[in-house]
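What follows is a set of notes on a single structure, which appears directly below.
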Amino acid sequence: MTQIRETPEYEPSADKPFRYFMQVRYSECDAQQVVFNARYGDYIELAATEFLYFVGAQEPLLESVFDYQVVKLTIEWKAPARYRDKLELSVSTTHLGNTSFELTTIIRNAQTRQFLAKGEMIGVAVHPETFEKISIPETMKNAMNNRGQGQFIDHAGLFTAPQAN
């Protein structure tokens with residue numbers, strides 16, 4: 001996982017959600033040369049995992065008491081992503097219950113800013129060993145509400161330092 005300082009175009013701001021940047025790979029595209037529709041679910045799950053890891057990383061024992069299972073995932077698709085497109089996936093916590101939570105992910109082309117898709121994922125907290133439903137630990141609830149704003153992880157290479165000639 002690579003976390004890189006913001007550039008002037010993407011300065012940290014408390015009003016921006018957590019963002020995950022990635023690049024579309026060849027194997028994710030279909031015969032029409034666009035991202036296969038089922039891959040958007042993979043992208044949403046990947047961004048949610050990175051968000052939850054990022055916000056919970058400050059709680060070293062959290063992984064021993066918190067895990068989750070996706071119980072619902074809806075995707076509203078608007079435009080295609082293509083091979084080598086760099087994507088920005090913005091993740092926000094839109095609901096926190098006792099045992100369940102909802103994360104909303106907005107997918108945009110990071111370079112053109114075109115809106116591509118929106119996903120809503122509902123997860124249920126489970127104990128990592130027994131997989132029994134549990135209450136979301138308060139530390140995780142606080143983390144999901146208060147951490148990650150204005151932060152991002154870049155796996156697309158958008159914010160790497162320029163190479164010397």
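FYI, nothing fancy with the structure tokens labels: chains A, B, ... in order, residues from 1 per chain, ligands from 1 as they appear.
Residues in contact range of segment 44-49 of chain A, defined as at most 8 Å between only C-alpha atoms, with sequence neighbours fewer than 5 positions away removed, read Arg19, Tyr20, Leu89, Ser90, Val91, Leu103, Thr105, Gly119 and Met121 of chain A.
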Please provide the set of residues having any atom within 7 Å of Arg25 of chain A, restricted to only C-alpha atoms, with same-chain residues fewer than 2 positions apart removed, written as a PDB file with N, CA and C atoms, in the first residue's frame.
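What landed in result_11.pdb:
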```
ATOM      1  N   GLN A  23      -5.515   1.842 -11.603  1.00  0.00           N
ATOM      2  CA  GLN A  23      -5.506   1.841 -13.068  1.00  0.00           C
ATOM      3  C   GLN A  23      -6.170   0.565 -13.565  1.00  0.00           C
ATOM      4  N   SER A  27      -6.845  -7.431 -18.153  1.00  0.00           N
ATOM      5  CA  SER A  27      -7.670  -8.601 -17.828  1.00  0.00           C
ATOM      6  C   SER A  27      -9.042  -8.226 -17.265  1.00  0.00           C
ATOM      7  N   GLU A  28      -9.252  -6.965 -16.930  1.00  0.00           N
ATOM      8  CA  GLU A  28     -10.535  -6.510 -16.393  1.00  0.00           C
ATOM      9  C   GLU A  28     -11.504  -6.052 -17.481  1.00  0.00           C
ATOM     10  N   TYR A  83      -9.401   0.176 -20.680  1.00  0.00           N
ATOM     11  CA  TYR A  83      -8.032  -0.266 -20.390  1.00  0.00           C
ATOM     12  C   TYR A  83      -7.101   0.937 -20.214  1.00  0.00           C
ATOM     13  N   ARG A  84      -6.339   0.903 -19.137  1.00  0.00           N
ATOM     14  CA  ARG A  84      -5.347   1.915 -18.763  1.00  0.00           C
ATOM     15  C   ARG A  84      -5.946   3.206 -18.195  1.00  0.00           C
TER      16      ARG A  84
END
```
* Asked: So which residues of segment 3-153 of chain A fall under strand (DSSP E) by DSSP, listed as a count of residues only?
  -> 52
Would you kindly return, as a PDB file with C-alpha atoms, in the first residue's frame, each protein, DNA or RNA residue with an atom no farther than 7 Å from any atom of Thr93 of chain A, considering only C-alpha atoms and excluding same-chain residues fewer than 6 positions away?
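Below is the file around.pdb, written as the result:
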```pdb
ATOM      1  CA  GLU A 102     -23.038   1.311   4.529  1.00  0.00           C
ATOM      2  CA  LEU A 103     -20.192   2.625   2.428  1.00  0.00           C
ATOM      3  CA  THR A 104     -20.912   4.596  -0.731  1.00  0.00           C
ATOM      4  CA  MET A 144     -15.301   5.233  10.073  1.00  0.00           C
ATOM      5  CA  ASN A 145     -16.872   8.570  10.988  1.00  0.00           C
TER       6      ASN A 145
END
```
